[in-house]
$ cat query.csv   # CSV, C-alpha atoms and all ligand atoms
chain,number,residue,atom,x,y,z
T,1,MET,CA,-24.2,-10.1,-9.7
T,2,SER,CA,-23.6,-13.7,-8.4
T,3,LEU,CA,-19.9,-14.0,-8.0
T,4,THR,CA,-18.1,-15.7,-5.1
T,5,VAL,CA,-14.5,-14.5,-4.5
T,6,LEU,CA,-12.0,-16.0,-2.1
T,7,MET,CA,-10.1,-12.9,-0.9
T,8,ASN,CA,-6.7,-14.2,0.3
T,9,ALA,CA,-5.3,-11.7,2.9
T,10,GLY,CA,-2.6,-14.0,4.3
T,11,PRO,CA,-1.5,-14.9,7.8
T,12,TRP,CA,0.3,-11.8,8.9
T,13,LEU,CA,-2.3,-9.4,10.3
T,14,SER,CA,-6.0,-9.3,11.0
T,15,VAL,CA,-8.3,-7.4,8.7
T,16,PRO,CA,-8.7,-4.6,9.3
T,17,PRO,CA,-5.2,-4.4,10.8
T,18,PRO,CA,-4.7,-3.3,14.4
T,19,GLY,CA,-2.2,-0.6,13.4
T,20,TYR,CA,0.2,-0.2,10.4
T,21,GLY,CA,-0.9,-2.7,7.7
T,22,GLY,CA,-0.9,-1.6,4.1
T,23,ILE,CA,-2.3,-4.7,2.3
T,24,GLU,CA,-4.8,-5.5,5.1
T,25,ASN,CA,-6.0,-1.9,4.9
T,26,VAL,CA,-6.5,-2.2,1.1
T,27,ILE,CA,-8.6,-5.3,1.7
T,28,ALA,CA,-10.6,-3.7,4.4
T,29,THR,CA,-11.3,-0.8,2.1
T,30,LEU,CA,-12.2,-3.0,-0.9
T,31,VAL,CA,-14.4,-5.7,0.5
T,32,PRO,CA,-17.4,-3.6,1.8
T,33,GLU,CA,-17.7,-2.0,-1.7
T,34,LEU,CA,-17.4,-5.4,-3.5
T,35,ARG,CA,-20.2,-6.7,-1.3
T,36,ARG,CA,-22.3,-3.6,-2.0
T,37,LEU,CA,-21.9,-4.6,-5.7
T,38,GLY,CA,-23.3,-8.0,-4.9
T,39,VAL,CA,-20.0,-10.0,-4.7
T,40,ARG,CA,-19.9,-12.8,-2.1
T,41,VAL,CA,-16.6,-12.7,-0.2
T,42,VAL,CA,-14.9,-15.6,1.5
T,43,LEU,CA,-12.0,-14.1,3.5
T,44,ALA,CA,-8.9,-16.2,4.0
T,45,SER,CA,-7.1,-14.5,6.9
T,46,VAL,CA,-6.5,-15.1,10.6
T,47,GLY,CA,-9.0,-15.9,13.3
T,48,THR,CA,-9.0,-12.4,14.8
T,49,SER,CA,-10.1,-10.6,11.6
T,50,THR,CA,-13.4,-8.7,12.2
T,51,LEU,CA,-14.1,-7.4,8.7
T,52,PRO,CA,-17.8,-8.3,7.9
T,53,VAL,CA,-17.7,-10.9,5.1
T,54,ASP,CA,-19.9,-13.8,3.9
T,55,GLU,CA,-17.6,-16.6,5.1
T,56,ARG,CA,-14.2,-17.0,6.7
T,57,VAL,CA,-11.3,-19.4,6.4
T,58,SER,CA,-8.2,-19.3,8.6
T,59,VAL,CA,-5.3,-21.5,9.5
T,60,PHE,CA,-3.8,-19.3,12.3
T,61,PRO,CA,-5.9,-18.0,15.2
T,62,ASP,CA,-4.2,-14.6,15.1
T,63,GLY,CA,-1.7,-12.5,13.2
T,64,GLN,CA,1.7,-13.9,12.7
T,65,PHE,CA,3.5,-10.6,12.0
T,66,SER,CA,5.8,-10.8,14.9
T,67,ALA,CA,7.3,-14.0,13.5
T,68,LEU,CA,8.8,-12.0,10.7
T,69,GLN,CA,11.4,-10.8,13.2
T,70,ARG,CA,12.6,-14.4,13.7
T,71,PRO,CA,15.4,-16.1,11.6
T,72,TYR,CA,14.3,-17.3,8.2
T,73,ASN,CA,14.2,-21.0,9.1
T,74,GLN,CA,11.7,-20.3,11.9
T,75,VAL,CA,9.4,-18.2,9.7
T,76,CYS,CA,9.5,-19.6,6.2
T,77,GLY,CA,6.7,-22.1,6.9
T,78,VAL,CA,4.1,-19.5,8.0
T,79,ALA,CA,2.8,-18.2,4.7
T,80,GLN,CA,3.1,-21.7,3.2
T,81,ALA,CA,0.9,-23.2,6.0
T,82,HIS,CA,-1.7,-20.5,5.3
T,83,LEU,CA,-1.6,-21.2,1.5
T,84,ALA,CA,-1.8,-24.9,2.1
T,85,GLY,CA,-5.0,-24.2,4.0
T,86,VAL,CA,-6.3,-22.1,1.2
T,87,ALA,CA,-5.5,-24.8,-1.4
T,88,ARG,CA,-7.3,-27.4,0.8
T,89,GLU,CA,-10.4,-25.1,0.9
T,90,LEU,CA,-10.3,-24.6,-2.9
T,91,HIS,CA,-10.0,-28.3,-3.5
T,92,SER,CA,-12.9,-29.1,-1.2
T,93,ARG,CA,-15.5,-26.9,-2.8
T,94,ASP,CA,-16.7,-25.8,-6.2
T,95,ASP,CA,-18.5,-22.5,-5.5
T,96,ILE,CA,-15.5,-20.2,-5.6
T,97,ASP,CA,-15.5,-18.4,-8.9
T,98,LEU,CA,-12.3,-16.5,-8.5
T,99,VAL,CA,-9.4,-16.1,-6.0
T,100,HIS,CA,-8.2,-12.6,-5.3
T,101,ASP,CA,-4.8,-13.1,-3.8
T,102,HIS,CA,-2.6,-10.6,-1.9
T,103,VAL,CA,0.1,-12.8,-0.4
T,104,GLU,CA,3.6,-11.8,-1.6
T,105,ALA,CA,5.4,-14.4,-3.7
T,106,VAL,CA,4.0,-17.6,-2.2
T,107,GLY,CA,0.4,-16.7,-3.0
T,108,LEU,CA,1.3,-16.3,-6.7
T,109,ALA,CA,3.6,-19.4,-6.8
T,110,THR,CA,1.0,-21.7,-5.1
T,111,LEU,CA,-1.9,-20.6,-7.3
T,112,ALA,CA,0.2,-21.0,-10.4
T,113,ALA,CA,1.3,-24.5,-9.2
T,114,MET,CA,-2.3,-25.6,-8.5
T,115,GLY,CA,-3.0,-26.0,-12.2
T,116,PRO,CA,-6.3,-26.3,-13.9
T,117,ASP,CA,-8.2,-27.8,-10.9
T,118,ALA,CA,-8.2,-24.4,-9.1
T,119,PRO,CA,-10.4,-21.5,-10.0
T,120,PRO,CA,-9.1,-18.5,-12.0
T,121,ALA,CA,-7.0,-16.2,-9.8
T,122,LEU,CA,-6.0,-12.5,-9.7
T,123,HIS,CA,-2.9,-11.7,-7.7
T,124,THR,CA,-2.4,-8.1,-6.8
T,125,LEU,CA,1.2,-6.9,-6.8
T,126,HIS,CA,1.4,-4.5,-3.9
T,127,TRP,CA,5.2,-4.1,-3.9
T,128,ASP,CA,8.4,-3.3,-5.7
T,129,LEU,CA,8.6,-5.7,-8.7
T,130,ALA,CA,12.4,-5.7,-8.8
T,131,LYS,CA,12.0,-8.2,-5.9
T,132,HIS,CA,11.7,-11.9,-6.6
T,133,PRO,CA,13.3,-12.0,-10.1
T,134,ALA,CA,13.5,-15.8,-10.0
T,135,LEU,CA,9.8,-16.1,-9.5
T,136,TYR,CA,8.6,-13.1,-11.6
T,137,GLY,CA,11.1,-13.7,-14.4
T,138,HIS,CA,9.8,-17.2,-15.1
T,139,LEU,CA,6.2,-17.1,-14.1
T,140,ASP,CA,3.8,-19.5,-15.9
T,141,GLY,CA,0.3,-19.1,-14.6
T,142,GLY,CA,-1.2,-20.6,-17.8
T,143,ASP,CA,-4.5,-19.0,-18.8
T,144,ARG,CA,-5.8,-19.1,-15.2
T,145,VAL,CA,-3.6,-16.9,-13.1
T,146,ARG,CA,-3.3,-13.2,-13.8
T,147,VAL,CA,-1.7,-10.3,-12.0
T,148,ASN,CA,-2.6,-6.6,-11.6
T,149,GLY,CA,-0.4,-3.7,-10.4
T,150,VAL,CA,-1.3,-0.7,-8.3
T,151,SER,CA,0.1,1.7,-10.8
T,152,ALA,CA,1.1,1.7,-14.5
T,153,SER,CA,4.6,2.8,-13.7
T,154,GLN,CA,5.1,-0.2,-11.4
T,155,LEU,CA,4.0,-2.7,-14.1
T,156,ALA,CA,6.1,-0.9,-16.8
T,157,ARG,CA,9.2,-1.8,-14.8
T,158,ALA,CA,8.2,-5.5,-14.2
T,159,PRO,CA,9.9,-8.5,-15.9
T,160,GLN,CA,8.4,-9.5,-19.2
T,161,ALA,CA,7.0,-12.8,-17.9
T,162,LEU,CA,5.1,-11.0,-15.2
T,163,ARG,CA,3.8,-8.3,-17.6
T,164,ASP,CA,2.6,-11.2,-19.9
T,165,HIS,CA,0.2,-12.2,-17.1
T,166,SER,CA,-1.0,-8.6,-16.4
T,167,VAL,CA,-4.6,-7.4,-16.8
T,168,GLY,CA,-3.7,-3.8,-15.9
T,169,HIS,CA,-3.5,-1.7,-12.8
T,170,VAL,CA,-5.9,-0.4,-10.2
T,171,HIS,CA,-4.9,2.7,-8.2
T,172,LEU,CA,-5.2,2.6,-4.4
T,173,ALA,CA,-8.1,4.2,-2.7
T,174,THR,CA,-9.0,5.6,0.7
T,175,PRO,CA,-12.3,5.9,2.6
T,176,LEU,CA,-11.2,9.5,3.4
T,177,ALA,CA,-11.9,10.3,-0.3
T,178,VAL,CA,-15.7,9.7,0.1
T,179,ASP,CA,-17.3,13.1,0.0
T,180,ALA,CA,-13.9,14.7,0.7
T,181,HIS,CA,-15.0,17.9,-1.1
T,182,ARG,CA,-18.0,18.3,1.2
T,183,ARG,CA,-16.1,18.0,4.6
T,184,PRO,CA,-15.4,21.2,6.5
T,185,ARG,CA,-11.8,22.5,5.9
T,186,PRO,CA,-9.6,22.6,9.1
T,187,PRO,CA,-7.4,25.6,9.5
T,188,LYS,CA,-3.9,25.1,8.0
T,189,GLY,CA,-0.8,25.2,10.2
T,190,ARG,CA,2.7,26.0,9.0
T,191,HIS,CA,4.1,22.5,9.2
T,192,VAL,CA,5.1,20.1,6.5
T,193,VAL,CA,4.6,16.4,7.1
T,194,VAL,CA,6.3,13.2,5.8
T,195,LEU,CA,4.0,10.2,6.3
T,196,GLY,CA,5.4,6.7,6.0
T,197,ARG,CA,7.8,4.1,7.2
T,198,ILE,CA,11.1,5.7,7.9
T,199,ASN,CA,13.5,4.2,5.4
T,200,PRO,CA,15.9,5.3,2.7
T,201,GLY,CA,13.4,4.9,-0.1
T,202,LYS,CA,11.0,7.3,1.5
T,203,GLY,CA,13.8,9.8,1.9
T,204,GLN,CA,13.1,11.3,5.4
T,205,ASP,CA,16.8,12.3,5.5
T,206,VAL,CA,16.3,14.6,2.5
T,207,ALA,CA,13.2,16.1,4.0
T,208,ALA,CA,15.0,16.8,7.3
T,209,ARG,CA,18.0,18.4,5.6
T,210,LEU,CA,15.8,20.6,3.4
T,211,ALA,CA,13.6,21.7,6.4
T,212,HIS,CA,16.7,23.2,8.0
T,213,ARG,CA,18.0,24.8,4.7
T,214,CYS,CA,14.6,26.3,3.7
T,215,ARG,CA,13.4,27.0,7.3
T,216,PHE,CA,10.1,25.2,7.4
T,217,PRO,CA,8.8,23.1,10.4
T,218,LEU,CA,8.8,19.4,9.6
T,219,VAL,CA,7.0,16.5,11.3
T,220,LEU,CA,8.1,13.0,10.4
T,221,ALA,CA,5.3,10.5,11.1
T,222,GLY,CA,5.9,6.8,10.8
T,223,PRO,CA,7.6,3.8,12.4
T,224,VAL,CA,11.3,3.1,12.4
T,225,GLY,CA,11.6,-0.6,11.8
T,226,PRO,CA,9.4,-2.3,14.5
T,227,TYR,CA,9.5,0.9,16.7
T,228,HIS,CA,6.3,3.0,16.7
T,229,ARG,CA,7.3,5.5,19.5
T,230,PRO,CA,10.5,7.4,20.1
T,231,GLU,CA,10.6,6.1,23.7
T,232,ASP,CA,10.4,2.5,22.5
T,233,LEU,CA,13.4,3.0,20.1
T,234,ALA,CA,15.3,4.8,22.9
T,235,ALA,CA,14.6,1.9,25.3
T,236,ALA,CA,15.7,-0.7,22.8
T,237,GLY,CA,19.4,0.2,23.1
T,238,ASP,CA,22.2,-1.0,20.7
T,239,GLU,CA,20.4,-4.2,19.7
T,240,ALA,CA,18.0,-2.1,17.7
T,241,ARG,CA,20.8,-1.3,15.2
T,242,GLN,CA,20.5,-4.8,13.8
T,243,ASN,CA,17.5,-3.4,11.8
T,244,PRO,CA,18.6,-1.6,8.7
T,245,ASP,CA,15.8,1.1,9.0
T,246,VAL,CA,16.9,1.8,12.6
T,247,ARG,CA,20.5,2.3,11.3
T,248,PHE,CA,19.3,4.6,8.6
T,249,PHE,CA,17.2,6.6,11.1
T,250,LEU,CA,20.0,6.9,13.7
T,251,ASP,CA,22.8,7.7,11.2
T,252,GLU,CA,21.0,9.8,8.5
T,253,VAL,CA,17.8,11.3,10.0
T,254,ALA,CA,18.3,11.6,13.8
T,255,PRO,CA,21.2,14.1,13.5
T,256,HIS,CA,18.7,16.6,11.9
T,257,VAL,CA,15.9,15.9,14.4
T,258,ASP,CA,16.2,18.8,16.9
T,259,GLY,CA,12.7,18.5,18.4
T,260,ASP,CA,11.9,22.0,17.2
T,261,ARG,CA,12.3,22.6,13.4
T,262,VAL,CA,12.4,18.8,12.8
T,263,ARG,CA,10.4,16.4,14.9
T,264,TRP,CA,9.9,12.6,14.8
T,265,VAL,CA,6.5,11.8,16.4
T,266,GLY,CA,6.5,8.0,15.7
T,267,THR,CA,3.5,6.3,14.2
T,268,VAL,CA,0.3,8.4,14.2
T,269,ALA,CA,-3.1,6.7,13.7
T,270,GLY,CA,-6.7,7.4,13.3
T,271,GLN,CA,-8.0,10.9,13.9
T,272,ASP,CA,-4.5,12.1,15.0
T,273,ARG,CA,-3.1,11.1,11.7
T,274,ASP,CA,-5.9,12.7,9.8
T,275,ASP,CA,-5.6,16.0,11.8
T,276,LEU,CA,-1.9,16.1,11.4
T,277,VAL,CA,-2.1,15.7,7.6
T,278,ALA,CA,-5.2,17.9,7.1
T,279,SER,CA,-3.6,20.8,9.0
T,280,ALA,CA,-0.3,20.5,7.2
T,281,ARG,CA,0.5,22.9,4.4
T,282,VAL,CA,2.2,20.2,2.3
T,283,THR,CA,2.8,16.5,2.5
T,284,LEU,CA,6.3,15.8,1.3
T,285,PHE,CA,7.5,12.6,-0.5
T,286,PRO,CA,11.2,13.0,-1.1
T,287,LEU,CA,11.3,9.5,-2.7
T,288,ARG,CA,14.5,7.6,-3.6
T,289,TRP,CA,12.6,4.6,-4.9
T,290,GLU,CA,9.9,4.0,-7.4
T,291,GLU,CA,6.9,4.2,-5.1
T,292,PRO,CA,4.5,1.5,-6.4
T,293,GLY,CA,1.1,2.6,-5.1
T,294,GLY,CA,1.3,5.5,-2.6
T,295,THR,CA,-1.6,5.2,-0.2
T,296,ALA,CA,-0.3,8.1,1.8
T,297,VAL,CA,-0.4,10.2,-1.4
T,298,VAL,CA,-4.1,9.7,-2.1
T,299,GLU,CA,-4.8,10.2,1.7
T,300,SER,CA,-3.1,13.5,1.6
T,301,LEU,CA,-5.2,14.7,-1.4
T,302,ALA,CA,-8.4,13.5,0.4
T,303,LEU,CA,-7.4,15.5,3.4
T,304,GLY,CA,-7.0,18.6,1.3
T,305,THR,CA,-3.2,18.8,1.5
T,306,PRO,CA,-1.1,19.4,-1.6
T,307,VAL,CA,1.7,16.9,-2.4
T,308,VAL,CA,5.3,17.9,-3.1
T,309,ALA,CA,7.4,15.0,-4.3
T,310,THR,CA,10.1,13.6,-6.5
T,311,ALA,CA,8.5,12.5,-9.7
T,312,ARG,CA,9.2,8.8,-9.2
T,313,GLY,CA,7.1,5.7,-9.4
T,314,CYS,CA,3.3,6.3,-9.3
T,315,LEU,CA,3.6,10.0,-8.3
T,316,PRO,CA,3.1,11.4,-11.9
T,317,GLU,CA,0.0,9.2,-12.2
T,318,LEU,CA,-1.6,10.3,-8.9
T,319,ILE,CA,-0.5,14.0,-8.9
T,320,ASP,CA,-1.4,16.5,-11.5
T,321,HIS,CA,1.6,18.9,-11.4
T,322,GLY,CA,0.5,22.4,-10.7
T,323,ARG,CA,-3.1,21.5,-9.8
T,324,THR,CA,-2.9,19.0,-6.9
T,325,GLY,CA,0.8,19.2,-6.1
T,326,LEU,CA,4.3,19.9,-7.4
T,327,LEU,CA,6.8,17.3,-8.8
T,328,THR,CA,10.4,17.5,-9.6
T,329,ASP,CA,13.2,15.2,-10.8
T,330,ASP,CA,15.7,17.1,-8.6
T,331,GLU,CA,15.5,16.4,-4.9
T,332,GLU,CA,17.4,19.6,-4.1
T,333,GLN,CA,14.4,21.6,-5.6
T,334,LEU,CA,11.9,20.1,-3.2
T,335,GLY,CA,12.5,22.8,-0.6
T,336,GLU,CA,11.6,25.6,-3.0
T,337,LEU,CA,8.6,23.6,-4.1
T,338,VAL,CA,7.4,23.3,-0.5
T,339,LEU,CA,7.5,27.1,-0.3
T,340,ALA,CA,5.7,27.4,-3.7
T,341,ALA,CA,2.9,25.0,-2.9
T,342,GLY,CA,0.9,27.7,-1.2
T,343,GLY,CA,-0.5,28.3,-4.7
T,344,ILE,CA,-2.2,25.0,-4.8
T,345,ASP,CA,-5.9,25.0,-3.8
T,346,PRO,CA,-6.7,22.4,-1.1
T,347,ALA,CA,-10.3,22.2,-2.4
T,348,GLN,CA,-8.9,21.0,-5.7
T,349,CYS,CA,-7.0,18.2,-4.0
T,350,ARG,CA,-10.2,17.1,-2.2
T,351,ARG,CA,-12.2,17.1,-5.4
T,352,GLU,CA,-9.6,15.1,-7.2
T,353,ALA,CA,-9.6,12.5,-4.4
T,354,ALA,CA,-13.5,12.3,-4.3
T,355,THR,CA,-13.5,11.7,-8.1
T,356,ARG,CA,-10.6,9.3,-8.5
T,357,PHE,CA,-9.6,7.6,-5.3
T,358,THR,CA,-12.8,6.4,-3.5
T,359,PRO,CA,-13.3,2.7,-2.5
T,360,ALA,CA,-16.2,2.5,-4.9
T,361,VAL,CA,-14.0,3.5,-7.8
T,362,MET,CA,-11.5,0.9,-6.8
T,363,ALA,CA,-14.1,-1.8,-6.3
T,364,GLN,CA,-15.7,-1.1,-9.7
T,365,ARG,CA,-12.4,-1.5,-11.4
T,366,TYR,CA,-11.6,-4.8,-9.6
T,367,VAL,CA,-15.0,-6.2,-10.6
T,368,GLU,CA,-14.1,-5.4,-14.3
T,369,LEU,CA,-10.8,-7.2,-13.8
T,370,TYR,CA,-12.5,-10.2,-12.2
T,371,GLU,CA,-14.6,-10.5,-15.3
T,372,ARG,CA,-11.6,-10.2,-17.6
T,373,VAL,CA,-9.7,-12.8,-15.7
T,374,ARG,CA,-12.6,-15.3,-15.8
T,375,GLN,CA,-13.1,-14.6,-19.6
T,376,LEU,CA,-9.4,-15.2,-20.3
T,377,ALA,CA,-9.5,-18.4,-18.2
T,378,SER,CA,-12.6,-19.8,-19.9
T,379,ALA,CA,-11.6,-18.8,-23.5
T,380,ARG,CA,-9.1,-21.7,-23.7
T,381,LEU,CA,-11.8,-24.1,-22.5
T,382,GLN,CA,-14.2,-23.3,-25.4
T,383,PRO,CA,-14.2,-25.8,-28.2
T,384,VAL,CA,-12.5,-24.4,-31.3
T,401,LIG,N1,0.7,5.6,8.1
T,401,LIG,C1,0.0,5.8,9.3
T,401,LIG,N2,0.7,6.4,10.3
T,401,LIG,C2,2.0,6.8,10.2
T,401,LIG,C3,2.7,6.6,8.9
T,401,LIG,C4,2.0,6.0,7.9
T,401,LIG,O1,-1.1,5.5,9.5
T,401,LIG,O2,2.5,7.4,11.1
T,401,LIG,C5,-0.1,4.9,7.0
T,401,LIG,C6,-0.4,5.9,5.9
T,401,LIG,O3,-1.4,6.7,6.3
T,401,LIG,C7,-0.7,4.9,4.8
T,401,LIG,C8,0.2,3.7,5.1
T,401,LIG,O4,0.6,3.9,6.4
T,401,LIG,O5,-2.0,4.5,4.9
T,401,LIG,C9,1.5,3.7,4.2
T,401,LIG,O6,1.1,3.2,2.9
T,401,LIG,P1,1.9,3.7,1.6
T,401,LIG,O7,1.3,3.0,0.4
T,401,LIG,O8,2.0,5.2,1.5
T,401,LIG,O9,3.4,3.2,1.9
T,401,LIG,P2,4.0,1.7,2.1
T,401,LIG,O10,4.3,1.7,3.6
T,401,LIG,O11,2.9,0.7,1.8
T,401,LIG,O12,5.2,1.7,1.3

$ encode --input "query.csv" --output "structure tokens"
Amino acid sequence: MSLTVLMNAGPWLSVPPPGYGGIENVIATLVPELRRLGVRVVLASVGTSTLPVDERVSVFPDGQFSALQRPYNQVCGVAQAHLAGVARELHSRDDIDLVHDHVEAVGLATLAAMGPDAPPALHTLHWDLAKHPALYGHLDGGDRVRVNGVSASQLARAPQALRDHSVGHVHLATPLAVDAHRRPRPPKGRHVVVLGRINPGKGQDVAARLAHRCRFPLVLAGPVGPYHRPEDLAAAGDEARQNPDVRFFLDEVAPHVDGDRVRWVGTVAGQDRDDLVASARVTLFPLRWEEPGGTAVVESLALGTPVVATARGCLPELIDHGRTGLLTDDEEQLGELVLAAGGIDPAQCRREAATRFTPAVMAQRYVELYERVRQLASARLQPV
């Protein structure tokens, strides 16, 4: 295939990311498979990105993530400066067949505003689509700018104007799914794990309460706002409470964290994360929001750990109730389901991941969408 794609990862973190970085991780998972399929990739990112690609474009020498803690008027130009660099690049060359954009709001707005001079573009919606109603509710990307979701349920809730631009959804993937069913199975411990940013939508307070009520050991893994280690949060003092996720943790979760039945271990990464999840009897997602994509859900399956969750957002698409996990509409039932999940076969979870959630499956689907976006863009140019 001869297709050149400008992959716009944005200015916030390098690719792959140094630690927590959802979108940058998706790009790091997708790009090697696209290149295996013959796609040339021009990566628009920051200077410190190390992902092997065919060409690189950057405006900032390194990731600007820490700027997000600053007041709006000091940070609002960062993504715009990056997009201005991408627009300059697109205007200066004619070999880019398609832009695959991942930059929240400003990526979509800029590509739509560039008009017919720019190549066709696919903008992946990685987030909750209730955000940005003024942009999404009035989007006009013409025939050239299309969007895709990361689950069907996410798109079903989107404003009509955004859905009119949609070419479908692509589920998230994990490298852990490759040959997941062939890896040796680690012994299971007794613990249940919640893996994710600690915030009200992810529902760690529910998990902690249920752990005490139903008497199971619970490990909460993930950052609280910008704090990745319990000692960093403790050292930050009262100022940390300015962050809403810190307030949520201190007020709603920490009272249940006793260091014994319920532990918060901060962010876990790499092999430690994989071991923690693979040895858990269940990964619990007591969601209070419509989870758009659920990377941690597919990682749990790939590591052979059944999922127990509220049936919200993408969960019913990713989890086959009774086969790879247990879902409920009633959060009070989650505790009983944790105890019942012993009946789910970890090998079945791994097989499901190896079939549905590999990077190769994701890349194949994106290549199909690239073709679709290019066809839709050129259809209007054909003489009638
Ligand atoms: N994660 C991690 N360590 C932690 C908590 C989370 O590496 O302690 C990773 C998790 O494995 C997943 C990502 O962070 O890859 C979270 O992505 P997800 O789509 O589940 O949630 P989001 O944060 O994007 O809403």

$ residues_around --input "query.csv" --residues "T:Ala112" --least-positions-apart "2" --cutoff "7 Å" --atoms "all atoms listed in the file" --output "list of chain:residue names"
T:Leu108, T:Ala109, T:Thr110, T:Met114, T:Gly115, T:Asp140, T:Gly141, T:Val145

$ residues_near_ligand --input "query.csv" --ligand "ligand LIG 401 (chain T)" --cutoff "8 Å" --atoms "only C-alpha atoms and all ligand atoms" --output "PDB file with C-alpha atoms, in the coordinates of the input"
ATOM      1  CA  GLY T  19      -2.200  -0.600  13.400  1.00  0.00           C
ATOM      2  CA  TYR T  20       0.200  -0.200  10.400  1.00  0.00           C
ATOM      3  CA  GLY T  21      -0.900  -2.700   7.700  1.00  0.00           C
ATOM      4  CA  GLY T  22      -0.900  -1.600   4.100  1.00  0.00           C
ATOM      5  CA  ILE T  23      -2.300  -4.700   2.300  1.00  0.00           C
ATOM      6  CA  ASN T  25      -6.000  -1.900   4.900  1.00  0.00           C
ATOM      7  CA  HIS T 126       1.400  -4.500  -3.900  1.00  0.00           C
ATOM      8  CA  TRP T 127       5.200  -4.100  -3.900  1.00  0.00           C
ATOM      9  CA  LEU T 195       4.000  10.200   6.300  1.00  0.00           C
ATOM     10  CA  GLY T 196       5.400   6.700   6.000  1.00  0.00           C
ATOM     11  CA  ARG T 197       7.800   4.100   7.200  1.00  0.00           C
ATOM     12  CA  LEU T 220       8.100  13.000  10.400  1.00  0.00           C
ATOM     13  CA  ALA T 221       5.300  10.500  11.100  1.00  0.00           C
ATOM     14  CA  GLY T 222       5.900   6.800  10.800  1.00  0.00           C
ATOM     15  CA  PRO T 223       7.600   3.800  12.400  1.00  0.00           C
ATOM     16  CA  VAL T 265       6.500  11.800  16.400  1.00  0.00           C
ATOM     17  CA  GLY T 266       6.500   8.000  15.700  1.00  0.00           C
ATOM     18  CA  THR T 267       3.500   6.300  14.200  1.00  0.00           C
ATOM     19  CA  VAL T 268       0.300   8.400  14.200  1.00  0.00           C
ATOM     20  CA  ALA T 269      -3.100   6.700  13.700  1.00  0.00           C
ATOM     21  CA  GLY T 270      -6.700   7.400  13.300  1.00  0.00           C
ATOM     22  CA  ARG T 273      -3.100  11.100  11.700  1.00  0.00           C
ATOM     23  CA  GLU T 291       6.900   4.200  -5.100  1.00  0.00           C
ATOM     24  CA  PRO T 292       4.500   1.500  -6.400  1.00  0.00           C
ATOM     25  CA  GLY T 293       1.100   2.600  -5.100  1.00  0.00           C
ATOM     26  CA  GLY T 294       1.300   5.500  -2.600  1.00  0.00           C
ATOM     27  CA  THR T 295      -1.600   5.200  -0.200  1.00  0.00           C
ATOM     28  CA  ALA T 296      -0.300   8.100   1.800  1.00  0.00           C
ATOM     29  CA  VAL T 297      -0.400  10.200  -1.400  1.00  0.00           C
ATOM     30  CA  GLU T 299      -4.800  10.200   1.700  1.00  0.00           C
TER      31      GLU T 299
END

$ closest_residue --input "query.csv" --among "T:Pro11, T:Gly85, T:Cys214, T:Ala354" --to "T:Asp62" --atoms "all atoms listed in the file"
T:Pro11

$ closest_residue --input "query.csv" --among "T:Phe249, T:Trp289, T:Tyr72, T:Phe216" --to "T:Val262" --atoms "only C-alpha atoms"
T:Phe216

$ closest_residue --input "query.csv" --among "T:Thr324, T:Thr283, T:Asn148, T:Thr124" --to "T:Arg190" --atoms "only C-alpha atoms"
T:Thr283

$ residues_near_point --input "query.csv" --point "(-18.1, -9.5, -6.4)" --cutoff "6 Å" --atoms "only C-alpha atoms" --output "PyMOL selection string"
chain T and resi 3+34+38-40

$ write_last_selection --input "query.csv" --atoms "C-alpha atoms" --output "tab-separated table (two decimals), in the coordinates of the input"
chain	number	residue	atom	x	y	z
T	3	LEU	CA	-19.90	-14.00	-8.00
T	34	LEU	CA	-17.40	-5.40	-3.50
T	38	GLY	CA	-23.30	-8.00	-4.90
T	39	VAL	CA	-20.00	-10.00	-4.70
T	40	ARG	CA	-19.90	-12.80	-2.10

$ closest_residue --input "query.csv" --among "T:Thr4, T:Glu317, T:His138, T:Gln160" --to "T:Pro120" --atoms "all atoms listed in the file"
T:Thr4

$ atom_distance --input "query.csv" --atom1 "atom CA of T:Gln271" --atom2 "atom CA of T:Val192"
17.6 Å

$ closest_atom_pairs --input "query.csv" --of "stretch 260-326 of chain T" --to "stretch 171-189 of chain T" --cutoff "6 Å" --atoms "all atoms listed in the file" --output "Markdown table"
| residue | atom | partner | partner_atom | distance |
| --- | --- | --- | --- | --- |
| T:Ser279 | CA | T:Lys188 | CA | 4.4 |
| T:Ala280 | CA | T:Gly189 | CA | 5.6 |
| T:Ala302 | CA | T:Ala177 | CA | 4.8 |

$ residues_around --input "query.csv" --residues "T:Arg213" --least-positions-apart "5" --cutoff "12 Å" --atoms "all atoms listed in the file" --output "list of chain:residue names"
T:Val206, T:Ala207, T:Ala208, T:Leu218, T:His256, T:Arg261, T:Val262, T:Glu332, T:Gln333, T:Leu334, T:Gly335, T:Glu336, T:Val338, T:Leu339

$ residues_around --input "query.csv" --residues "T:His169" --least-positions-apart "6" --cutoff "10 Å" --atoms "only C-alpha atoms" --output "list in words"
Thr124, Leu125, Val147, Asn148, Gly149, Val150, Ser151, Ala152, Ser153, Gln154, Leu155, Gly293, Arg365, Tyr366 and Leu369 of chain T

$ atom_distance --input "query.csv" --atom1 "atom CA of T:Gly201" --atom2 "atom CA of T:Leu287"
5.7 Å

$ residues_around --input "query.csv" --residues "T:Asn199" --least-positions-apart "2" --cutoff "9 Å" --atoms "all atoms listed in the file" --output "VMD selection string"
chain T and resid 196 to 197 201 to 205 224 to 225 244 to 246 248 to 249

$ atom_distance --input "query.csv" --atom1 "atom CA of T:Val75" --atom2 "atom CA of T:Val106"
13.1 Å

$ closest_residue --input "query.csv" --among "T:Ala341, T:Leu129, T:Leu318, T:Leu13" --to "T:Val170" --atoms "all atoms listed in the file"
T:Leu318

$ closest_residue --input "query.csv" --among "T:Pro61, T:Gly168, T:Pro52, T:Pro32" --to "T:Trp12" --atoms "all atoms listed in the file"
T:Pro61
